[in-house]
>>> print(open('target_20.cif').read())   # mmCIF, C-alpha atoms
data_work
loop_
_atom_site.label_atom_id
_atom_site.label_comp_id
_atom_site.auth_asym_id
_atom_site.auth_seq_id
_atom_site.Cartn_x
_atom_site.Cartn_y
_atom_site.Cartn_z
CA MET A 1 -16.96 23.87 11.18
CA ALA A 2 -19.27 25.18 8.46
CA ASP A 3 -17.95 24.41 4.99
CA ASN A 4 -17.62 27.27 2.58
CA ARG A 5 -19.32 26.47 -0.74
CA SER A 6 -17.40 29.13 -2.64
CA ARG A 7 -14.09 27.29 -2.12
CA PRO A 8 -12.63 25.93 -5.40
CA LEU A 9 -13.39 22.30 -6.19
CA SER A 10 -11.12 19.98 -8.07
CA PRO A 11 -12.78 18.54 -11.21
CA HIS A 12 -14.35 15.15 -10.64
CA LEU A 13 -13.89 11.88 -12.51
CA THR A 14 -16.90 12.57 -14.71
CA ILE A 15 -15.38 15.78 -16.07
CA TRP A 16 -11.92 14.59 -17.13
CA ARG A 17 -11.50 12.92 -20.49
CA TRP A 18 -10.17 9.40 -19.90
CA GLY A 19 -6.61 8.68 -20.98
CA PRO A 20 -3.80 6.37 -19.84
CA HIS A 21 -2.33 9.01 -17.48
CA MET A 22 -5.65 9.58 -15.80
CA ALA A 23 -6.46 5.89 -15.58
CA VAL A 24 -3.06 5.19 -14.00
CA SER A 25 -3.56 8.01 -11.51
CA ILE A 26 -6.87 6.61 -10.27
CA LEU A 27 -5.50 3.05 -10.44
CA HIS A 28 -2.74 4.16 -8.08
CA ARG A 29 -5.36 5.08 -5.50
CA ALA A 30 -7.50 2.00 -6.11
CA THR A 31 -4.58 -0.41 -5.88
CA GLY A 32 -3.36 1.44 -2.79
CA VAL A 33 -6.69 0.83 -1.06
CA VAL A 34 -6.68 -2.84 -2.14
CA LEU A 35 -3.14 -3.35 -0.85
CA SER A 36 -3.87 -1.51 2.42
CA ILE A 37 -7.00 -3.49 3.24
CA VAL A 38 -6.85 -6.87 1.46
CA GLY A 39 -3.05 -7.06 1.22
CA LEU A 40 -2.30 -6.26 4.84
CA ALA A 41 -5.16 -8.47 6.07
CA ILE A 42 -3.69 -11.42 4.14
CA LEU A 43 -0.16 -10.61 5.38
CA THR A 44 -1.48 -10.62 8.96
CA TRP A 45 -3.34 -13.91 8.43
CA TRP A 46 -0.29 -15.49 6.77
CA LEU A 47 2.17 -14.48 9.54
CA THR A 48 -0.28 -15.52 12.27
CA ALA A 49 -0.81 -18.88 10.55
CA ILE A 50 2.95 -19.55 10.38
CA ALA A 51 3.23 -18.64 14.08
CA GLU A 52 0.26 -20.83 15.08
CA GLY A 53 1.75 -23.95 13.52
CA PRO A 54 1.10 -26.51 10.77
CA GLN A 55 -2.66 -26.83 11.32
CA ALA A 56 -3.36 -23.10 11.03
CA TYR A 57 -1.01 -22.90 8.06
CA ALA A 58 -2.85 -25.74 6.33
CA ALA A 59 -6.09 -23.73 6.67
CA PHE A 60 -4.38 -20.67 5.14
CA ASN A 61 -2.87 -22.79 2.38
CA LYS A 62 -6.23 -24.36 1.58
CA ALA A 63 -7.79 -20.91 1.11
CA ALA A 64 -4.78 -19.59 -0.82
CA THR A 65 -4.74 -22.47 -3.31
CA HIS A 66 -8.54 -22.50 -3.80
CA PRO A 67 -9.44 -20.98 -7.23
CA VAL A 68 -11.04 -17.95 -5.55
CA GLY A 69 -7.98 -17.54 -3.31
CA LEU A 70 -5.71 -17.72 -6.34
CA VAL A 71 -7.71 -15.02 -8.13
CA VAL A 72 -7.43 -12.82 -5.03
CA LEU A 73 -3.67 -13.45 -4.76
CA ILE A 74 -3.06 -12.83 -8.47
CA GLY A 75 -5.13 -9.62 -8.26
CA LEU A 76 -3.14 -8.60 -5.21
CA THR A 77 0.18 -9.27 -6.98
CA TRP A 78 -0.95 -7.17 -9.94
CA SER A 79 -2.05 -4.40 -7.55
CA PHE A 80 1.36 -4.54 -5.90
CA PHE A 81 3.27 -4.22 -9.19
CA GLN A 82 0.91 -1.56 -10.56
CA HIS A 83 1.17 0.49 -7.35
CA LEU A 84 4.95 0.03 -7.29
CA LEU A 85 5.43 1.13 -10.91
CA SER A 86 2.97 4.04 -10.80
CA GLY A 87 4.56 4.95 -7.45
CA ILE A 88 7.92 5.23 -9.20
CA ARG A 89 6.17 7.37 -11.84
CA HIS A 90 4.87 9.65 -9.08
CA LEU A 91 8.33 9.93 -7.50
CA VAL A 92 9.74 10.99 -10.88
CA MET A 93 6.91 13.49 -11.34
CA ASP A 94 7.54 14.83 -7.81
CA THR A 95 10.90 16.06 -9.10
CA GLY A 96 9.06 18.05 -11.77
CA ALA A 97 10.06 15.73 -14.60
CA GLY A 98 7.91 13.79 -17.07
CA PHE A 99 5.02 16.20 -17.45
CA GLU A 100 5.33 16.60 -21.26
CA LEU A 101 2.14 15.13 -22.71
CA ASP A 102 3.66 12.32 -24.79
CA THR A 103 6.32 11.40 -22.18
CA ASN A 104 3.66 11.32 -19.49
CA LYS A 105 1.34 9.16 -21.58
CA ARG A 106 4.14 6.74 -22.54
CA PHE A 107 5.25 6.41 -18.88
CA ALA A 108 1.63 5.74 -17.83
CA ILE A 109 1.19 3.00 -20.46
CA LEU A 110 4.54 1.48 -19.45
CA THR A 111 3.39 1.06 -15.83
CA ILE A 112 0.37 -0.97 -16.99
CA VAL A 113 2.39 -3.09 -19.42
CA GLY A 114 5.05 -3.61 -16.75
CA SER A 115 2.62 -4.63 -14.02
CA VAL A 116 0.86 -7.15 -16.28
CA VAL A 117 4.16 -8.64 -17.51
CA LEU A 118 5.62 -8.91 -13.98
CA THR A 119 2.44 -10.47 -12.60
CA ALA A 120 2.28 -13.00 -15.43
CA ALA A 121 5.97 -13.87 -15.08
CA LEU A 122 5.68 -14.35 -11.32
CA TRP A 123 2.64 -16.62 -11.49
CA ILE A 124 3.89 -18.63 -14.44
CA TYR A 125 7.01 -19.29 -12.36
CA LEU A 126 5.05 -20.07 -9.16
CA LEU A 127 2.45 -22.34 -10.76
CA GLY A 128 4.45 -23.95 -13.51
CA ALA A 129 8.14 -23.45 -13.97
CA ARG A 130 9.15 -23.50 -10.29
CA PRO A 131 11.50 -26.44 -9.70
CA MET B 132 -3.64 36.47 -4.47
CA SER B 133 -3.99 33.54 -2.11
CA LEU B 134 -6.47 33.31 0.71
CA GLY B 135 -3.74 32.52 3.21
CA GLU B 136 -2.17 35.93 2.84
CA SER B 137 -5.32 37.96 2.58
CA ALA B 138 -7.37 36.22 5.26
CA THR B 139 -8.35 38.19 8.33
CA PRO B 140 -7.67 36.56 11.72
CA LEU B 141 -11.35 35.58 11.80
CA GLY B 142 -11.07 34.01 8.34
CA ARG B 143 -8.04 32.09 9.52
CA VAL B 144 -9.69 30.59 12.61
CA ARG B 145 -12.60 29.55 10.42
CA GLY B 146 -10.14 27.47 8.44
CA LEU B 147 -10.14 29.55 5.29
CA GLY B 148 -6.37 29.85 4.95
CA SER B 149 -3.51 27.41 4.64
CA ALA B 150 -3.47 24.66 7.24
CA ARG B 151 0.30 25.21 7.69
CA GLU B 152 0.85 21.51 8.13
CA GLY B 153 0.84 18.46 5.92
CA GLY B 154 4.33 18.81 4.46
CA GLU B 155 5.63 16.27 6.94
CA HIS B 156 2.86 13.80 6.02
CA TRP B 157 3.56 14.27 2.29
CA LEU B 158 7.29 13.70 2.75
CA THR B 159 6.82 10.68 5.04
CA GLU B 160 4.63 9.07 2.39
CA ARG B 161 7.49 9.43 -0.15
CA VAL B 162 10.18 8.22 2.25
CA THR B 163 8.17 5.13 3.24
CA SER B 164 7.43 4.48 -0.46
CA ILE B 165 11.15 4.31 -1.23
CA ALA B 166 11.69 2.00 1.76
CA LEU B 167 8.85 -0.22 0.52
CA LEU B 168 10.38 -0.31 -2.95
CA LEU B 169 13.36 -2.06 -1.34
CA LEU B 170 11.48 -4.12 1.26
CA GLY B 171 8.73 -5.17 -1.18
CA THR B 172 11.28 -6.31 -3.75
CA TRP B 173 13.11 -8.21 -1.00
CA PHE B 174 9.86 -9.88 0.08
CA ILE B 175 8.84 -11.04 -3.42
CA ALA B 176 12.39 -12.13 -4.30
CA SER B 177 12.70 -14.08 -1.03
CA LEU B 178 9.44 -15.95 -1.60
CA LEU B 179 10.56 -16.84 -5.14
CA LEU B 180 14.01 -17.98 -4.00
CA LEU B 181 12.84 -20.15 -1.09
CA PRO B 182 12.98 -23.84 -2.03
CA SER B 183 9.35 -24.28 -0.95
CA LEU B 184 6.57 -22.37 0.80
CA ASP B 185 5.75 -24.95 3.49
CA PRO B 186 5.57 -23.64 7.08
CA ALA B 187 8.85 -25.31 8.14
CA THR B 188 10.82 -23.56 5.38
CA LEU B 189 9.04 -20.25 6.04
CA GLY B 190 9.71 -20.56 9.79
CA GLU B 191 13.39 -21.24 9.17
CA TRP B 192 13.56 -18.22 6.87
CA LEU B 193 11.89 -15.91 9.43
CA ARG B 194 13.95 -17.22 12.37
CA ALA B 195 17.21 -16.07 10.80
CA PRO B 196 18.10 -12.38 11.33
CA SER B 197 18.32 -11.96 7.54
CA GLY B 198 14.63 -12.83 7.33
CA ALA B 199 13.24 -11.54 10.64
CA VAL B 200 14.74 -8.04 10.54
CA PRO B 201 13.58 -7.03 7.02
CA MET B 202 10.19 -8.61 7.76
CA ALA B 203 9.83 -6.50 10.94
CA LEU B 204 10.76 -3.40 8.93
CA LEU B 205 8.34 -4.37 6.16
CA ILE B 206 5.50 -4.74 8.68
CA VAL B 207 6.11 -1.35 10.33
CA VAL B 208 6.72 0.58 7.09
CA ALA B 209 3.87 -1.07 5.15
CA PHE B 210 1.28 -0.30 7.84
CA LYS B 211 2.57 3.28 8.18
CA HIS B 212 2.49 3.83 4.41
CA ALA B 213 -1.00 2.29 4.15
CA LEU B 214 -2.27 4.52 6.96
CA ASP B 215 -0.78 7.67 5.38
CA GLY B 216 -2.22 6.77 1.97
CA MET B 217 -5.67 5.91 3.30
CA LYS B 218 -5.73 9.24 5.18
CA VAL B 219 -5.20 11.13 1.91
CA ILE B 220 -8.15 9.29 0.35
CA VAL B 221 -10.39 9.77 3.39
CA ASP B 222 -9.48 13.47 3.58
CA ASP B 223 -10.35 13.81 -0.12
CA TYR B 224 -13.65 11.98 -0.17
CA VAL B 225 -15.21 12.20 3.32
CA ASP B 226 -16.70 15.68 3.48
CA ASP B 227 -18.21 15.81 6.96
CA ASP B 228 -15.68 16.77 9.65
CA GLY B 229 -17.10 14.37 12.24
CA ASN B 230 -17.23 11.40 9.88
CA ARG B 231 -13.74 12.15 8.61
CA PHE B 232 -12.36 12.20 12.16
CA ALA B 233 -14.15 8.92 12.95
CA VAL B 234 -12.95 7.12 9.81
CA ASN B 235 -9.38 8.31 10.35
CA LEU B 236 -9.54 7.15 13.97
CA VAL B 237 -10.78 3.70 12.94
CA LEU B 238 -8.03 3.44 10.31
CA LEU B 239 -5.39 4.47 12.86
CA PHE B 240 -6.54 1.79 15.31
CA LEU B 241 -6.70 -0.84 12.54
CA ALA B 242 -3.19 0.01 11.34
CA VAL B 243 -1.62 0.02 14.81
CA GLY B 244 -3.53 -3.14 15.78
CA GLY B 245 -2.62 -4.94 12.57
CA ALA B 246 1.05 -4.01 12.85
CA ALA B 247 1.10 -5.20 16.49
CA LEU B 248 -0.52 -8.53 15.50
CA CYS B 249 2.03 -9.05 12.72
CA LEU B 250 5.00 -8.14 14.92
CA PHE B 251 3.76 -10.47 17.68
CA ALA B 252 3.34 -13.31 15.16
CA LEU B 253 6.83 -12.65 13.81
CA ALA B 254 8.26 -12.65 17.36
CA ARG B 255 6.59 -16.00 18.05
CA ILE B 256 8.09 -17.42 14.86
CA ALA B 257 11.54 -15.97 15.53
CA PHE B 258 11.79 -16.73 19.27
CA GLY B 259 9.24 -19.50 19.72
CA GLY B 260 11.60 -22.41 19.13
CA ALA B 261 10.27 -25.31 17.10
CA ALA B 262 6.94 -24.35 15.59
#
>>> encode(input="target_20.cif", output="structure tokens")
Amino acid sequence: MADNRSRPLSPHLTIWRWGPHMAVSILHRATGVVLSIVGLAILTWWLTAIAEGPQAYAAFNKAATHPVGLVVLIGLTWSFFQHLLSGIRHLVMDTGAGFELDTNKRFAILTIVGSVVLTAALWIYLLGARP
Amino acid sequence: MSLGESATPLGRVRGLGSAREGGEHWLTERVTSIALLLLGTWFIASLLLLPSLDPATLGEWLRAPSGAVPMALLIVVAFKHALDGMKVIVDDYVDDDGNRFAVNLVLLFLAVGGAALCLFALARIAFGGAA
């Protein structure tokens, strides 16, 4: 099918002025891609390793507790919380609410603060405070 | 004046009007997101509440219906939500019709294959006896 060049185009990233709302919007997509590809690949590996038995699980555990593995897992946890919180923001906006400029900006900043706090709390518990 | 209403039959077959589909996809993405809000919270909370993350404890957790059933739901819904989300991104950024069809096909196979792998691993854990 030939594409019609006169069709309207949505403005690209280079045209919008950056702000929290815009950053959170693109972060929602980026974290979604990370969760879909890296997150689901790790979930598949993890479940397969548990099914295979102790030896396969030890290999998974070795990778997961390696510094690089930890960075990946912490990044993944942050992506999860960011996507979850900005997803809630999108569900609210789907109802037509929260579009006033300052409300929208505050909600966007809250998703970032929330995702960082939740990620930090989870990993402090997992690596340190866990009994 | 929208193109959909003013388009001639020829304009419509050339794809210049509304596609008249997509509402279902949009709604499914929201419904699965609400399901994942619950299942994702369950998953994180379960991992934090388990006494340890060694394979024996994880196997015991996933052998019980209270672990196996939500995990099966999480697998199916997460792969479906990931596929729907990735399709939105591919449809936005891959311009060429042929490439877009190919990328969407690859993503579909990856999602179905990944979900099948996860469900099979979960079945082995749940029904496989002593791991």
>>> resolve_selection(input="target_20.cif", expression="the PyMOL selection byres ((chain B) within 6 of (chain A))", output="ChimeraX atom specification")
/B:186,213,249,252,255-256,262
>>> atom_distance(input="target_20.cif", atom1="CA of His212 (chain B)", atom2="CA of Leu9 (chain A)")
26.6 Å
>>> resolve_selection(input="target_20.cif", expression="the PyMOL selection byres ((chain B and resi 221-226) around 12)", output="mmCIF file with C-alpha atoms, in the coordinates of the input")
data_model
loop_
_atom_site.group_PDB
_atom_site.id
_atom_site.type_symbol
_atom_site.label_atom_id
_atom_site.label_comp_id
_atom_site.auth_asym_id
_atom_site.auth_seq_id
_atom_site.Cartn_x
_atom_site.Cartn_y
_atom_site.Cartn_z
ATOM 1 C CA MET A 1 -16.960 23.870 11.180
ATOM 2 C CA ALA A 2 -19.270 25.180 8.460
ATOM 3 C CA ASP A 3 -17.950 24.410 4.990
ATOM 4 C CA ASN A 4 -17.620 27.270 2.580
ATOM 5 C CA ARG A 5 -19.320 26.470 -0.740
ATOM 6 C CA LEU A 9 -13.390 22.300 -6.190
ATOM 7 C CA SER A 10 -11.120 19.980 -8.070
ATOM 8 C CA HIS A 12 -14.350 15.150 -10.640
ATOM 9 C CA ARG A 29 -5.360 5.080 -5.500
ATOM 10 C CA VAL A 33 -6.690 0.830 -1.060
ATOM 11 C CA GLY B 153 0.840 18.460 5.920
ATOM 12 C CA LEU B 214 -2.270 4.520 6.960
ATOM 13 C CA ASP B 215 -0.780 7.670 5.380
ATOM 14 C CA GLY B 216 -2.220 6.770 1.970
ATOM 15 C CA MET B 217 -5.670 5.910 3.300
ATOM 16 C CA LYS B 218 -5.730 9.240 5.180
ATOM 17 C CA VAL B 219 -5.200 11.130 1.910
ATOM 18 C CA ILE B 220 -8.150 9.290 0.350
ATOM 19 C CA ASP B 227 -18.210 15.810 6.960
ATOM 20 C CA ASP B 228 -15.680 16.770 9.650
ATOM 21 C CA GLY B 229 -17.100 14.370 12.240
ATOM 22 C CA ASN B 230 -17.230 11.400 9.880
ATOM 23 C CA ARG B 231 -13.740 12.150 8.610
ATOM 24 C CA PHE B 232 -12.360 12.200 12.160
ATOM 25 C CA ALA B 233 -14.150 8.920 12.950
ATOM 26 C CA VAL B 234 -12.950 7.120 9.810
ATOM 27 C CA ASN B 235 -9.380 8.310 10.350
ATOM 28 C CA LEU B 236 -9.540 7.150 13.970
ATOM 29 C CA VAL B 237 -10.780 3.700 12.940
ATOM 30 C CA LEU B 238 -8.030 3.440 10.310
ATOM 31 C CA LEU B 239 -5.390 4.470 12.860
#
>>> atom_distance(input="target_20.cif", atom1="CA of Trp78 (chain A)", atom2="CA of Ser115 (chain A)")
6.0 Å
>>> atom_distance(input="target_20.cif", atom1="CA of Leu110 (chain A)", atom2="CA of Gly75 (chain A)")
18.5 Å
>>> closest_residue(input="target_20.cif", among="A:Pro8, A:Gly114, A:Gly19, A:Gly96", to="Gln82 (chain A)", atoms="only C-alpha atoms")
A:Gly114
>>> closest_residue(input="target_20.cif", among="A:Thr31, A:Thr111, A:Thr95, A:Ser6", to="Leu76 (chain A)", atoms="all atoms listed in the file")
A:Thr31
>>> closest_residue(input="target_20.cif", among="A:Val24, A:Leu73, A:Ala129, A:Ala108", to="Val38 (chain A)", atoms="all atoms listed in the file")
A:Leu73
>>> resolve_selection(input="target_20.cif", expression="the PyMOL selection byres ((chain B and resi 198) around 12)", output="count of residues only")
28
>>> axis_aligned_box(input="target_20.cif", around="region 248-262 of chain B", padding_each_side="5 Å", output="AutoDock Vina command-line options")
--center_x 5.6 --center_y -16.7 --center_z 16.2 --size_x 22.3 --size_y 27.2 --size_z 17.0
